[in-house]
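Reproduced below: structure_26.txt, with compact mmCIF, C-alpha atoms.
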# COMPACT_ATOMS: atom_id res chain seq x y z
CA MET A 1 132.32 93.30 122.90
CA GLU A 2 129.14 95.28 122.16
CA ASP A 3 125.93 93.37 122.85
CA ALA A 4 124.38 92.81 119.44
CA GLN A 5 120.88 92.91 120.94
CA VAL A 6 121.01 96.12 122.94
CA VAL A 7 119.64 99.40 121.58
CA SER A 8 121.66 102.29 123.01
CA GLY A 9 123.82 105.24 122.04
CA VAL A 10 123.53 108.63 120.37
CA TYR A 11 123.33 108.88 116.59
CA ASP A 12 122.97 111.49 113.92
CA VAL A 13 120.02 109.51 112.54
CA VAL A 14 117.86 106.65 113.81
CA VAL A 15 116.00 104.85 111.00
CA VAL A 16 112.88 102.85 111.92
CA GLY A 17 112.04 100.05 109.49
CA ALA A 18 114.58 97.94 107.57
CA GLY A 19 112.85 97.18 104.28
CA ILE A 20 114.32 98.49 101.05
CA MET A 21 113.68 102.16 101.94
CA GLY A 22 115.09 102.02 105.45
CA SER A 23 118.09 99.94 104.41
CA CYS A 24 118.92 102.31 101.55
CA THR A 25 118.48 105.31 103.85
CA ALA A 26 120.79 103.87 106.51
CA TYR A 27 123.39 103.19 103.82
CA GLU A 28 123.20 106.72 102.45
CA VAL A 29 123.53 108.27 105.92
CA ALA A 30 126.49 106.02 106.80
CA LYS A 31 128.14 106.72 103.44
CA ARG A 32 128.22 110.40 104.42
CA SER A 33 130.26 109.45 107.53
CA ARG A 34 127.32 110.17 109.83
CA SER A 35 126.33 107.82 112.65
CA VAL A 36 123.14 105.87 112.07
CA MET A 37 121.17 103.07 113.73
CA LEU A 38 118.74 100.96 111.68
CA LEU A 39 115.91 99.28 113.63
CA GLU A 40 113.57 96.49 112.48
CA GLN A 41 110.67 95.10 114.54
CA PHE A 42 110.85 91.64 112.94
CA ASP A 43 113.80 89.59 111.67
CA PHE A 44 115.83 91.22 108.93
CA LEU A 45 114.54 90.08 105.51
CA HIS A 46 111.19 88.99 106.97
CA ARG A 47 108.30 88.29 104.59
CA ARG A 48 105.47 90.23 106.25
CA GLY A 49 106.02 93.57 104.50
CA SER A 50 106.64 94.97 101.02
CA SER A 51 110.35 94.29 100.38
CA HIS A 52 110.66 90.50 100.35
CA GLY A 53 110.64 87.93 97.59
CA GLU A 54 112.66 86.98 94.56
CA SER A 55 111.90 89.81 92.17
CA ARG A 56 110.63 93.31 91.48
CA THR A 57 110.39 95.05 88.12
CA ILE A 58 112.58 98.04 87.33
CA ARG A 59 111.69 100.32 84.43
CA ALA A 60 112.03 103.91 83.28
CA THR A 61 108.51 104.25 81.90
CA TYR A 62 105.92 106.32 83.74
CA PRO A 63 103.07 108.55 82.56
CA GLU A 64 104.31 111.21 85.02
CA ASP A 65 107.52 112.66 83.63
CA TYR A 66 108.87 113.40 87.13
CA TYR A 67 109.03 109.68 87.87
CA THR A 68 110.78 109.04 84.55
CA ALA A 69 113.33 111.70 85.51
CA MET A 70 113.79 110.21 88.98
CA MET A 71 114.39 106.76 87.50
CA GLN A 72 117.43 108.02 85.60
CA GLU A 73 119.23 108.63 88.89
CA ALA A 74 117.78 105.48 90.45
CA PHE A 75 119.33 103.31 87.71
CA GLU A 76 122.71 104.96 88.34
CA LEU A 77 122.48 104.44 92.09
CA TRP A 78 121.68 100.73 91.65
CA GLU A 79 124.81 100.42 89.51
CA GLN A 80 126.95 102.23 92.09
CA ALA A 81 125.71 100.08 94.97
CA GLN A 82 126.34 96.86 93.04
CA ALA A 83 129.87 98.03 92.23
CA GLU A 84 130.55 98.71 95.90
CA ALA A 85 129.05 95.39 97.01
CA GLY A 86 130.83 93.38 94.35
CA TYR A 87 127.80 91.44 93.16
CA MET A 88 124.64 91.96 91.12
CA VAL A 89 121.04 92.34 92.22
CA HIS A 90 119.74 93.75 88.90
CA THR A 91 119.25 91.42 85.93
CA LYS A 92 118.86 93.65 82.89
CA THR A 93 116.14 93.14 80.29
CA CYS A 94 114.13 95.35 77.99
CA HIS A 95 110.69 96.50 79.16
CA LEU A 96 107.37 96.37 77.30
CA ASP A 97 104.27 98.44 78.07
CA PHE A 98 101.15 97.69 76.03
CA GLY A 99 97.46 98.46 75.86
CA PRO A 100 94.77 100.01 73.67
CA ALA A 101 96.16 102.46 71.11
CA GLU A 102 93.97 105.27 72.48
CA ASN A 103 95.11 104.77 76.09
CA LYS A 104 96.07 108.19 77.47
CA SER A 105 98.62 106.78 79.90
CA LEU A 106 100.57 105.11 77.10
CA HIS A 107 100.67 108.41 75.21
CA ALA A 108 101.89 110.11 78.38
CA VAL A 109 104.63 107.47 78.73
CA ILE A 110 105.85 108.28 75.22
CA SER A 111 105.91 112.00 76.00
CA ALA A 112 107.78 111.45 79.28
CA CYS A 113 110.36 109.25 77.57
CA LYS A 114 110.93 111.79 74.81
CA LYS A 115 111.22 114.63 77.33
CA HIS A 116 113.94 112.84 79.29
CA GLY A 117 115.81 111.21 76.45
CA VAL A 118 114.68 107.63 77.02
CA PRO A 119 114.60 105.87 73.62
CA VAL A 120 111.22 104.23 73.02
CA GLU A 121 110.16 101.95 70.16
CA ILE A 122 106.46 101.82 69.24
CA LEU A 123 105.26 98.41 68.03
CA SER A 124 101.97 97.22 66.57
CA SER A 125 100.35 94.06 67.95
CA LYS A 126 101.64 92.15 64.90
CA GLU A 127 105.17 93.42 65.47
CA VAL A 128 104.96 92.36 69.12
CA ALA A 129 103.90 88.83 68.10
CA HIS A 130 106.74 88.66 65.58
CA ARG A 131 109.34 90.05 67.99
CA PHE A 132 108.47 87.98 71.07
CA ASP A 133 106.37 85.04 69.78
CA VAL A 134 104.60 84.87 73.14
CA PHE A 135 102.16 87.76 73.35
CA GLN A 136 98.84 87.71 71.53
CA LEU A 137 97.57 91.28 71.73
CA PRO A 138 94.30 92.65 70.31
CA GLU A 139 94.65 94.20 66.86
CA ASN A 140 93.98 97.76 68.05
CA TRP A 141 96.67 97.61 70.77
CA VAL A 142 100.17 99.06 70.65
CA ALA A 143 103.32 98.38 72.67
CA LEU A 144 106.18 100.57 73.82
CA ARG A 145 109.58 98.91 74.07
CA THR A 146 112.39 100.51 76.08
CA ALA A 147 115.85 99.10 76.63
CA LYS A 148 115.91 100.20 80.29
CA GLY A 149 114.19 97.51 82.32
CA GLY A 150 114.89 94.39 84.26
CA VAL A 151 114.42 92.40 87.41
CA LEU A 152 115.61 93.42 90.87
CA HIS A 153 116.25 90.47 93.16
CA ALA A 154 114.31 91.88 96.07
CA SER A 155 115.45 90.16 99.27
CA LYS A 156 119.01 89.98 97.97
CA ALA A 157 118.89 93.72 97.24
CA VAL A 158 117.69 94.57 100.76
CA ALA A 159 120.45 92.38 102.22
CA MET A 160 122.99 94.15 99.99
CA PHE A 161 122.07 97.59 101.29
CA GLN A 162 122.10 96.37 104.89
CA GLN A 163 125.56 94.94 104.31
CA LEU A 164 126.75 98.18 102.72
CA ALA A 165 125.26 100.24 105.54
CA GLN A 166 127.07 98.12 108.12
CA LYS A 167 130.29 98.26 106.12
CA ASN A 168 130.08 102.06 106.23
CA GLY A 169 129.57 102.11 109.99
CA ALA A 170 125.82 101.74 110.55
CA VAL A 171 124.53 99.86 113.60
CA LEU A 172 121.76 97.37 112.77
CA ARG A 173 119.25 95.81 115.17
CA ASP A 174 116.34 93.51 114.35
CA ARG A 175 113.61 91.98 116.54
CA THR A 176 113.36 95.46 118.02
CA LYS A 177 109.82 96.77 118.32
CA ILE A 178 109.35 100.50 118.77
CA LEU A 179 107.46 101.35 121.95
CA ARG A 180 107.60 105.15 121.95
CA ILE A 181 109.22 108.02 120.11
CA HIS A 182 109.81 111.29 121.96
CA PRO A 183 110.82 114.43 120.04
CA GLY A 184 112.35 117.33 121.94
CA TRP A 185 114.69 115.13 123.99
CA ARG A 186 117.92 116.79 125.04
CA LEU A 187 121.07 115.19 123.61
CA PRO A 188 124.38 115.10 125.54
CA SER A 189 125.58 117.95 123.29
CA GLY A 190 122.71 120.12 124.51
CA GLU A 191 120.92 119.94 121.17
CA SER A 192 117.31 118.88 120.85
CA GLY A 193 116.86 115.39 119.40
CA VAL A 194 114.61 112.34 119.41
CA LEU A 195 114.44 109.51 121.96
CA VAL A 196 113.49 106.19 120.38
CA VAL A 197 112.37 103.67 123.00
CA THR A 198 112.30 99.98 122.04
CA GLY A 199 111.79 96.68 123.78
CA ARG A 200 115.57 96.27 123.89
CA GLY A 201 116.61 99.68 125.13
CA ALA A 202 116.59 103.25 123.87
CA ALA A 203 118.64 105.33 121.45
CA LEU A 204 118.96 109.04 120.87
CA GLY A 205 119.10 110.63 117.44
CA ARG A 206 119.41 114.14 116.09
CA ARG A 207 116.88 113.00 113.52
CA CYS A 208 114.55 110.01 113.26
CA ILE A 209 113.33 108.70 109.90
CA LEU A 210 110.23 106.48 109.76
CA THR A 211 110.42 103.94 106.92
CA ALA A 212 108.15 101.30 108.44
CA GLY A 213 105.98 100.57 105.40
CA SER A 214 102.40 99.65 106.28
CA TRP A 215 103.20 100.09 109.99
CA THR A 216 104.22 103.74 109.54
CA ASN A 217 100.74 105.13 109.99
CA LYS A 218 100.30 103.43 113.37
CA ILE A 219 103.60 104.87 114.61
CA VAL A 220 102.76 108.34 113.32
CA LYS A 221 99.25 108.35 114.78
CA GLU A 222 100.51 107.40 118.24
CA LEU A 223 103.35 109.90 118.03
CA SER A 224 101.53 112.95 116.71
CA GLY A 225 97.84 112.20 116.47
CA PHE A 226 98.20 112.85 112.74
CA GLU A 227 96.80 110.12 110.50
CA LEU A 228 98.63 109.56 107.26
CA PRO A 229 96.32 108.90 104.27
CA ILE A 230 97.78 105.44 103.70
CA GLN A 231 95.71 102.32 103.09
CA PRO A 232 97.51 98.95 103.33
CA LEU A 233 96.41 96.47 100.67
CA HIS A 234 96.93 92.73 100.82
CA THR A 235 98.17 91.60 97.40
CA THR A 236 99.51 88.43 95.81
CA TYR A 237 102.09 87.71 93.15
CA ALA A 238 102.12 84.40 91.30
CA TYR A 239 104.18 82.07 89.14
CA TRP A 240 102.72 80.03 86.29
CA ALA A 241 104.06 76.98 84.46
CA ILE A 242 105.40 77.55 80.96
CA GLY A 243 104.13 75.13 78.33
CA LYS A 244 106.25 72.26 77.14
CA ASP A 245 109.18 73.24 74.87
CA HIS A 246 108.53 76.98 75.34
CA SER A 247 110.80 77.81 78.29
CA ASP A 248 113.48 79.45 76.12
CA LEU A 249 110.97 82.01 74.83
CA PHE A 250 110.55 83.40 78.37
CA SER A 251 114.25 83.62 79.21
CA VAL A 252 116.35 86.74 79.67
CA GLU A 253 118.87 85.29 77.22
CA LYS A 254 116.20 85.18 74.48
CA GLY A 255 115.16 88.76 75.20
CA PHE A 256 111.89 88.23 77.05
CA PRO A 257 110.94 91.55 78.68
CA THR A 258 109.49 92.71 81.92
CA PHE A 259 106.03 93.90 80.93
CA ALA A 260 102.97 95.85 82.02
CA CYS A 261 99.50 95.80 80.50
CA TYR A 262 97.68 99.14 80.57
CA GLY A 263 94.38 97.56 79.64
CA GLN A 264 91.81 96.17 82.03
CA PRO A 265 92.81 94.37 84.16
CA TYR A 266 96.28 95.74 84.88
CA ILE A 267 98.66 92.78 84.65
CA TYR A 268 102.44 92.80 85.03
CA GLY A 269 105.13 90.18 84.65
CA SER A 270 108.79 89.32 84.26
CA PRO A 271 110.97 86.69 82.58
CA SER A 272 111.43 83.12 83.74
CA LEU A 273 114.35 83.68 86.04
CA GLU A 274 114.06 82.77 89.71
CA TYR A 275 112.25 79.46 89.19
CA PRO A 276 113.07 77.37 86.07
CA GLY A 277 110.01 76.61 83.99
CA LEU A 278 107.88 79.26 85.71
CA VAL A 279 107.03 82.82 84.71
CA LYS A 280 105.83 85.58 87.06
CA ILE A 281 102.48 87.07 85.98
CA SER A 282 100.43 88.98 88.54
CA LEU A 283 97.57 91.38 89.07
CA HIS A 284 98.27 94.88 90.37
CA SER A 285 95.48 95.04 92.90
CA GLY A 286 94.66 94.16 96.47
CA SER A 287 92.17 94.25 99.32
CA PRO A 288 92.27 96.57 102.35
CA CYS A 289 93.94 95.03 105.37
CA ASP A 290 95.62 95.67 108.70
CA ALA A 291 99.36 95.01 108.64
CA ASP A 292 99.31 93.37 112.07
CA THR A 293 96.24 91.15 111.77
CA ARG A 294 96.19 90.11 108.09
CA ILE A 295 96.67 86.45 107.24
CA VAL A 296 100.00 86.36 105.39
CA ALA A 297 98.82 83.92 102.73
CA PRO A 298 98.12 84.21 99.00
CA ASP A 299 94.68 85.25 97.78
CA TRP A 300 94.00 82.67 95.07
CA LYS A 301 90.61 84.01 93.98
CA PRO A 302 91.73 86.99 91.81
CA LEU A 303 94.49 84.86 90.32
CA LYS A 304 91.99 82.29 89.10
CA GLU A 305 89.20 84.72 88.19
CA ILE A 306 91.25 87.53 86.61
CA VAL A 307 94.84 86.54 85.84
CA SER A 308 94.06 83.05 84.50
CA PRO A 309 91.66 84.31 81.76
CA TRP A 310 94.10 87.10 80.88
CA ILE A 311 96.90 84.57 80.33
CA ALA A 312 94.59 82.38 78.25
CA SER A 313 93.75 85.27 75.91
CA HIS A 314 97.12 87.09 75.74
CA MET A 315 99.92 84.49 75.94
CA HIS A 316 99.41 82.48 72.75
CA GLY A 317 98.81 79.23 74.66
CA LYS A 318 102.42 79.13 75.80
CA VAL A 319 101.64 79.41 79.54
CA LYS A 320 99.47 76.93 81.44
CA HIS A 321 96.74 79.28 82.54
CA GLU A 322 94.45 77.07 84.61
CA ASP A 323 96.16 77.60 88.00
CA PRO A 324 99.37 79.19 89.25
CA VAL A 325 102.04 76.80 90.45
CA MET A 326 102.95 78.99 93.41
CA ALA A 327 102.08 82.36 94.90
CA GLU A 328 103.12 84.59 97.79
CA ALA A 329 101.43 87.39 99.70
CA CYS A 330 102.75 90.92 99.77
CA ILE A 331 101.43 94.28 100.99
CA TYR A 332 101.06 97.69 99.35
CA SER A 333 100.90 101.01 101.22
CA MET A 334 98.59 103.10 99.06
CA THR A 335 98.14 106.87 99.12
CA PRO A 336 95.00 108.31 97.47
CA ASP A 337 97.01 109.77 94.56
CA GLN A 338 99.58 106.93 94.49
CA ASP A 339 102.45 109.40 94.97
CA PHE A 340 104.95 108.89 97.79
CA ILE A 341 105.17 110.74 101.11
CA LEU A 342 108.69 112.14 101.70
CA ASP A 343 108.48 114.86 104.30
CA PHE A 344 109.09 116.17 107.79
CA LEU A 345 106.40 115.09 110.23
CA PRO A 346 104.43 117.82 111.99
CA VAL A 347 104.49 117.20 115.73
CA PRO A 348 101.91 119.01 117.89
CA ASP A 349 103.28 121.44 120.49
CA ALA A 350 106.82 121.13 119.10
CA LYS A 351 108.96 124.17 119.77
CA GLU A 352 110.74 125.85 116.88
CA HIS A 353 114.08 124.16 117.62
CA GLN A 354 112.33 120.77 117.74
CA ALA A 355 110.61 121.13 114.36
CA GLY A 356 111.90 118.85 111.65
CA SER A 357 113.38 116.22 113.95
CA ILE A 358 111.19 113.40 112.61
CA LEU A 359 110.85 112.52 108.94
CA VAL A 360 108.64 110.04 107.15
CA ALA A 361 109.10 108.06 103.92
CA ALA A 362 105.96 106.06 103.21
CA GLY A 363 103.04 105.42 100.88
CA PHE A 364 105.04 103.86 98.04
CA SER A 365 101.82 102.52 96.52
CA GLY A 366 103.19 99.37 94.93
CA HIS A 367 105.74 101.09 92.69
CA GLY A 368 108.50 102.33 94.98
CA PHE A 369 110.97 99.44 95.30
CA LYS A 370 112.81 100.33 92.10
CA MET A 371 113.48 103.81 93.51
CA GLY A 372 114.85 102.57 96.84
CA PRO A 373 118.41 103.90 96.41
CA LEU A 374 117.08 107.29 95.29
CA ILE A 375 114.65 107.50 98.22
CA GLY A 376 117.54 106.63 100.54
CA ARG A 377 119.61 109.47 99.08
CA VAL A 378 116.75 111.95 99.40
CA MET A 379 115.89 111.02 102.99
CA ALA A 380 119.55 111.17 104.05
CA ASP A 381 119.80 114.64 102.48
CA LEU A 382 116.65 115.82 104.26
CA ALA A 383 117.83 114.48 107.63
CA ILE A 384 121.33 115.94 107.39
CA PHE A 385 120.87 119.12 105.33
CA GLY A 386 117.15 119.83 105.60
CA THR A 387 116.66 119.77 101.84
CA SER A 388 117.35 117.60 98.80
CA SER A 389 118.09 118.54 95.22
CA ASP A 390 117.14 117.12 91.83
CA ILE A 391 113.78 115.75 92.93
CA PRO A 392 110.40 117.55 92.84
CA LEU A 393 109.60 117.26 96.55
CA GLU A 394 106.40 119.29 96.08
CA TYR A 395 104.72 116.13 94.75
CA PHE A 396 105.57 114.21 97.92
CA THR A 397 104.65 116.59 100.73
CA LEU A 398 102.06 115.99 103.41
CA ALA A 399 100.68 119.47 102.68
CA ARG A 400 99.08 118.23 99.46
CA PHE A 401 96.51 116.34 101.54
CA CYS A 402 95.65 119.55 103.37
CA ARG A 403 94.87 121.21 100.04
CA HIS A 404 92.84 118.21 98.87
CA ALA A 405 91.94 115.12 100.88
CA LYS A 406 92.93 112.89 97.96
CA GLY A 407 96.23 114.60 97.29
CA GLY A 408 97.69 115.52 93.94
CA ARG A 409 96.93 115.31 90.25
CA ARG A 410 95.62 111.75 90.06
CA VAL A 411 92.71 112.27 92.46
CA SER A 412 90.20 110.79 90.00
CA LEU A 413 92.14 107.58 89.54
CA SER A 414 91.61 104.36 91.44
CA LEU A 415 93.82 101.31 91.76
CA GLY A 416 93.80 99.25 88.60
CA HIS A 417 92.19 101.94 86.40
CA GLU A 418 93.60 104.05 83.58
CA HIS A 419 96.76 104.91 85.49
CA PRO A 420 98.09 101.77 87.19
CA TRP A 421 101.44 101.19 88.86
CA LEU A 422 103.66 98.31 89.85

Target format structure tokens, applied to this file:
Amino acid sequence: MEDAQVVSGVYDVVVVGAGIMGSCTAYEVAKRSRSVMLLEQFDFLHRRGSSHGESRTIRATYPEDYYTAMMQEAFELWEQAQAEAGYMVHTKTCHLDFGPAENKSLHAVISACKKHGVPVEILSSKEVAHRFDVFQLPENWVALRTAKGGVLHASKAVAMFQQLAQKNGAVLRDRTKILRIHPGWRLPSGESGVLVVTGRGAALGRRCILTAGSWTNKIVKELSGFELPIQPLHTTYAYWAIGKDHSDLFSVEKGFPTFACYGQPYIYGSPSLEYPGLVKISLHSGSPCDADTRIVAPDWKPLKEIVSPWIASHMHGKVKHEDPVMAEACIYSMTPDQDFILDFLPVPDAKEHQAGSILVAAGFSGHGFKMGPLIGRVMADLAIFGTSSDIPLEYFTLARFCRHAKGGRRVSLSLGHEHPWL
């Protein structure tokens, strides 16, 4: 019987990092009947990265129309994976975006929805109060309601894709720290490949895909000397007690939405679902950190100083705003323009036949989880075929940072301002 701890063998693809992106990528490679090994430095489903916890929001609304277009396929891929697994990880709700009527991002959301055929309903603050009986929005604010939204059960979703990957033939190994990655290694077939050396042995791959979240930059820097423009941020999500006799108002059954506030501060939330009597309301923000040395504990200060007053003024007194009942730390991997990095990694001194052997999927900037199945499809395509269709890869190249140090079109935007994400 094969030793479940040993890393060995030759594979079409070796995937490094088993969060949502790596797990989806391994599944997509295995589904194409290609051999794949998925490696994780910690335990599977650990809580030190960006893919753990009870919930993530899924929505179709984005100011950038290319993300709205990408979400159409992402929704379909979530449905297909659930059908194959035989259980659900997506609880469907409507989604509500709101903010000042003059907010440019909200107008861009409307345009993107119209362009891609996503029905959107525009509500005044009074209509929001009448429809949901929870939100108390300023008079000059508007809201956009879309039917496509919901909650993704995060850790359960990651486990589902790992199970599906294994079912389709993938080899999975956790507690396996990467020591070195060597491109240009000769495979038994005579082809050039990649040697991935770990603390539990070594594996060879025709391609290697790095999906290691906030650890990706460290791996890339050691491998190539190239520093990815990714800043890890320590962030916290929180759950607050619902006031007495109001729990039904926040339930999925009563139509409570996932929501995002495009005002200042940028607040997001979801229905009372994972913990009875509690509702998730959090701040999309964080403080710079090192993924290896950060204290994996909630930061209570912004919750009390920013989220608590927001709840007091926007939730009609139906949520106990003084202190959250519970909170958990998470980590973002931010790029300067908050667009992803999906590309081949340039390796110094690589010969022509060695070029393109290592790929990177990183910098998901706090809004990538919902696109996990799509990112997995794209990275599998790039590794196997060298290209991927139906996605504007030009927005996600490393070359954009050569043209401008801060990347693409949102170079003037900072986290939590005008154009926030979750």

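The coordinates place CA of Gly190 in chain A at 12.2 Å from CA of Val10 in chain A.
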
Using only C-alpha atoms, what does the table of range 196-282 of chain A residues within 10 Å of range 159-180 of chain A look like, with each row giving the shortest atom pair and its distance in Å to one decimal, sorted by chain and ascending number, as JSON lines?
{"residue": "A:Val196", "atom": "CA", "partner": "A:Arg180", "partner_atom": "CA", "distance": 6.2}
{"residue": "A:Val197", "atom": "CA", "partner": "A:Arg180", "partner_atom": "CA", "distance": 5.1}
{"residue": "A:Thr198", "atom": "CA", "partner": "A:Ile178", "partner_atom": "CA", "distance": 4.4}
{"residue": "A:Gly199", "atom": "CA", "partner": "A:Lys177", "partner_atom": "CA", "distance": 5.8}
{"residue": "A:Arg200", "atom": "CA", "partner": "A:Thr176", "partner_atom": "CA", "distance": 6.3}
{"residue": "A:Gly201", "atom": "CA", "partner": "A:Thr176", "partner_atom": "CA", "distance": 8.9}
{"residue": "A:Ala202", "atom": "CA", "partner": "A:Ile178", "partner_atom": "CA", "distance": 9.3}
{"residue": "A:Ile219", "atom": "CA", "partner": "A:Ile178", "partner_atom": "CA", "distance": 8.3}
{"residue": "A:Glu222", "atom": "CA", "partner": "A:Arg180", "partner_atom": "CA", "distance": 8.3}
{"residue": "A:Leu223", "atom": "CA", "partner": "A:Arg180", "partner_atom": "CA", "distance": 7.5}

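With all atoms listed in the file as the atoms that count, the minimum distance from Val109 in chain A to the choices A:Tyr27, A:Tyr11, A:Tyr262, A:Tyr237 is reached by A:Tyr262.
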
Ile341 in chain A surroundings by only C-alpha atoms, 9 Å radius, close-in-sequence under 4 positions cut, as a PyMOL selection string: chain A and resi 335+360-364+395-398

Would you save the residues from that selection as an mmCIF file, in the coordinates of the input, using C-alpha atoms?
data_model
loop_
_atom_site.group_PDB
_atom_site.id
_atom_site.type_symbol
_atom_site.label_atom_id
_atom_site.label_comp_id
_atom_site.auth_asym_id
_atom_site.auth_seq_id
_atom_site.Cartn_x
_atom_site.Cartn_y
_atom_site.Cartn_z
ATOM 1 C CA THR A 335 98.140 106.870 99.120
ATOM 2 C CA VAL A 360 108.640 110.040 107.150
ATOM 3 C CA ALA A 361 109.100 108.060 103.920
ATOM 4 C CA ALA A 362 105.960 106.060 103.210
ATOM 5 C CA GLY A 363 103.040 105.420 100.880
ATOM 6 C CA PHE A 364 105.040 103.860 98.040
ATOM 7 C CA TYR A 395 104.720 116.130 94.750
ATOM 8 C CA PHE A 396 105.570 114.210 97.920
ATOM 9 C CA THR A 397 104.650 116.590 100.730
ATOM 10 C CA LEU A 398 102.060 115.990 103.410
#

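With CA of Leu187 in chain A on one side and CA of Glu227 in chain A on the other, the separation reads 28.0 Å.
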
Could you give me, as a count of residues only, the residues within 7 Å of range 47-57 of chain A, counting all atoms listed in the file and dropping anything in the same chain fewer than 2 positions from it? 16

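Counting all atoms listed in the file and comparing A:Leu210, A:Leu106, A:Ala329, A:Ile281, the residue that lies closest to Thr25 in chain A is A:Leu210.
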
Find the residues near range 117-124 of chain A: any atom within 10 Å, counting all atoms listed in the file, skip ones fewer than 2 places away on the same chain, and give them as a ChimeraX atom specification. /A:60-61,68-69,72,95-98,101,109-115,126-131,137-148

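A straight line drawn from CA of Trp300 in chain A to CA of Phe256 in chain A is 26.0 Å long.
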
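Shortest separation to Ser357 in chain A among A:Ser192, A:Gln80, A:Ser35, A:Ser23 occurs at residue A:Ser192, atoms counted being all atoms listed in the file.
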
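Among the candidate residues A:His107, A:Lys320, A:Lys406, A:Lys304, the one lying nearest to Glu64 in chain A is A:His107, with distances computed using only C-alpha atoms.
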
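Proximity of A:Val134, A:Lys218, A:Gly356, A:Gln264 to Asp248 in chain A, computed with all atoms listed in the file, is greatest for A:Val134.
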
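For the choices A:Ala26, A:Ala157, A:Leu278, A:Val13, the atom-to-atom distance to Met88 in chain A is smallest for A:Ala157 when using only C-alpha atoms.
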
Do you know which residues are at most 7 Å from Gly205 in chain A counting only C-alpha atoms, after dropping those on the same chain fewer than 2 positions away, and could you put them as number ranges by chain? A: 10-14, 193-195, 203, 207-208

I'd like the neighbourhood of Ile209 in chain A as number ranges by chain, where a residue qualifies if any of its atoms comes within 6 Å (using all atoms listed in the file), though same-chain residues fewer than 6 positions away should be ignored. A: 15, 358-360

Put the listed atoms of range 141-147 of chain A in a box along x, y and z with 8 Å added on every side and give me the centre and edge lengths in Å to one decimal, as JSON.
{"center_x": 106.3, "center_y": 99.1, "center_z": 73.6, "size_x": 35.2, "size_y": 19.0, "size_z": 22.0}
